[in-house]
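> This is the structure I have questions about; it appears just below.
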Amino acid sequence: GRLSEAVDHLEIGVVISSGPGTVVYRNAAARSSEGTHVGLLVDEQLASIIDETRAGQRVRRVIDLHGPPRSRLEVTADPMPDGGAVATLRDVSERMRTDAMRTDFVTNISHELKTPVGAVAVLAEALLDEDDPEIVHRLADHLVAESHRAVRTIDDLLKLSQIESTRPGDTPVD
């Protein structure tokens, strides 16, 4: 009774099945989508995953639910000694969106840094072969501008990193 009440307060879904694959327990989070289209899709995948645990191995799978809203559910099932299984269901949609945003950000910032650094290299090579003081001065001006552009991008990246690492309630100190 008390264990069931405690498990009902978890944010993740917990499903326990008996040896032949019959579900004998679902906590509140696992029951939340019962009777819905999503619930039927999840139950179908869950039955398959629990069936795979009969080989005695842990099974982990991410289920894509195309929505709306689109979401992803990570299901992990472990075999139990009596032939049954215990499965957990965790909504990983936000984590996967964050990971995708982070990947896109790294790609974009790499491009933003590569452009001025490439320009600096080209301008520096051009300066090596140039004798005309007017052209040298123009190339040097462009070189300075591109280096400032790279510095601004790096400063923005550092500010973003600082903002991201600041927790609510932190007080910045000079």
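Note on naming: chains are A, B, ... as they come in the structure tokens, residues start from 1 per chain, ligands start from 1 in the order shown.
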So that I can see what lies close to range 31-35 of chain A, please list as number ranges by chain the residues with an atom at most 9 Å from it, counting only C-alpha atoms and leaving out residues fewer than 6 positions away in the same chain.
A: 13, 42-43
> Name the residues of range 49-116 of chain A that fall into helix (DSSP H, G or I) according to DSSP on the backbone, using the chain letters and numbers of this document, as a ChimeraX atom specification.
/A:49-55,93-116
> Have a look at CA of Ser17 in chain A and CA of Ile50 in chain A and let me know their distance in Å, one decimal.
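CA of Ser17 in chain A sits 7.8 Å away from CA of Ile50 in chain A.
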> List as JSON, numbers by chain the protein and nucleic acid residues near Leu89 in chain A, meaning an atom at most 10 Å away when only C-alpha atoms are counted, but skip any in the same chain fewer than 6 places from it.
{"A": [11, 12, 13, 14, 15, 29, 30, 42, 46, 61, 62, 63, 73, 74, 75, 76, 77]}
> Hey, what's within 10 Å of range 154-165 of chain A if we count only C-alpha atoms and toss same-chain stuff fewer than 5 positions away? As a short mmCIF file (atom, residue, chain, number, x, y, z; two decimals) with C-alpha atoms, in the first residue's frame, please?

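Okay, this is what ended up in around_18.cif:
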```
data_model
loop_
_atom_site.label_atom_id
_atom_site.label_comp_id
_atom_site.auth_asym_id
_atom_site.auth_seq_id
_atom_site.Cartn_x
_atom_site.Cartn_y
_atom_site.Cartn_z
CA ILE A 109 28.88 29.21 -33.78
CA GLU A 112 30.43 32.22 -37.27
CA LEU A 113 34.00 31.78 -35.99
CA HIS A 148 37.27 42.32 -34.06
CA ARG A 149 34.41 40.34 -35.59
CA ASP A 170 23.02 33.53 -7.69
#
```
> For Ala124 in chain A, list every protein, DNA or RNA residue within 8 Å, evaluated using only C-alpha atoms, and leave out those in the same chain fewer than 4 positions away; present the list as a PyMOL selection string.
chain A and resi 120+128+143
> Work out how far apart CA of Ala55 in chain A and CA of Ala28 in chain A are and give it in Å to one decimal.
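Taking CA of Ala55 in chain A and CA of Ala28 in chain A, their separation equals 28.2 Å.
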> Calculated over only C-alpha atoms, which of the candidates A:Val151, A:Ile16, A:Val24, A:Ala140 has the smallest distance to Ala85 in chain A?
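Among the listed residues, A:Ile16 lies closest to Ala85 in chain A.
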> Quick check for you: according to DSSP on this backbone, which residues of range 6-88 of chain A are classed as strand (DSSP E)? Reply as a VMD selection string.
chain A and resid 13 to 17 23 to 26 59 to 65 71 to 79 85 to 88
> Just write the chosen residues, C-alpha atoms, as a tab-separated table (two decimals), in the first residue's frame.

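Once written, again.tsv looks like this:
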```
chain	number	residue	atom	x	y	z
A	13	GLY	CA	5.66	5.89	-15.39
A	14	VAL	CA	6.20	2.48	-13.80
A	15	VAL	CA	4.65	-0.69	-15.21
A	16	ILE	CA	5.07	-4.17	-13.75
A	17	SER	CA	4.10	-7.29	-15.68
A	23	VAL	CA	0.30	-5.98	-16.65
A	24	VAL	CA	-0.26	-6.28	-12.90
A	25	TYR	CA	0.59	-2.71	-11.84
A	26	ARG	CA	0.74	0.81	-13.30
A	59	VAL	CA	15.65	-3.33	-23.21
A	60	ARG	CA	15.72	0.42	-23.83
A	61	ARG	CA	13.86	2.13	-26.65
A	62	VAL	CA	12.73	5.65	-27.52
A	63	ILE	CA	9.20	5.87	-28.89
A	64	ASP	CA	8.45	8.80	-31.22
A	65	LEU	CA	4.92	10.09	-30.83
A	71	SER	CA	6.95	13.96	-28.08
A	72	ARG	CA	9.41	11.21	-27.29
A	73	LEU	CA	9.10	8.62	-24.61
A	74	GLU	CA	12.03	6.57	-23.34
A	75	VAL	CA	10.98	3.11	-22.22
A	76	THR	CA	13.37	0.92	-20.23
A	77	ALA	CA	12.38	-2.60	-19.20
A	78	ASP	CA	14.27	-4.97	-16.93
A	79	PRO	CA	13.52	-8.65	-16.43
A	85	ALA	CA	9.37	-7.34	-16.06
A	86	VAL	CA	9.43	-3.84	-14.66
A	87	ALA	CA	9.35	-0.96	-17.12
A	88	THR	CA	9.81	2.76	-16.69
```
> With distances taken over only C-alpha atoms, which residue among A:Ala126, A:Glu44, A:Asn27, A:Arg54 lies nearest Asp8 in chain A?
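Answer, going by the shortest atom-to-atom distance: A:Asn27.
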> By how many Å are CA of His37 in chain A and CA of Leu3 in chain A apart?
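One can read the CA of His37 in chain A to CA of Leu3 in chain A distance as 29.4 Å.
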> Using only C-alpha atoms, which of the listed residues (A:Val92, A:Glu134, A:Lys114, A:Ser18) sits closest to Met80 in chain A?
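The shortest atom-to-atom distance to Met80 in chain A comes from A:Ser18.
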> From the list A:His111, A:Arg102, A:His137, A:His66, which residue is nearest Thr153 in chain A when using only C-alpha atoms?
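Under the stated criterion, the closest residue is A:His111.
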> I need the residue nearest Ser48 in chain A from this list: A:Gly1, A:Pro81, A:Gly21, A:Gly169. Use only C-alpha atoms for the distance.
A:Gly21
> Counting only C-alpha atoms, figure out which residue out of A:Arg70, A:Gly83, A:Val106, A:Leu10 gets nearest to Gly56 in chain A.
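The answer is A:Gly83, which sits nearest to Gly56 in chain A.
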> Please provide the set of residues having any atom within 9 Å of Glu146 in chain A, restricted to only C-alpha atoms, with same-chain residues fewer than 6 positions apart removed, written as a list in words.
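Everything that qualifies: Thr115, Pro116, Val117, Ala119 and Val120 of chain A.
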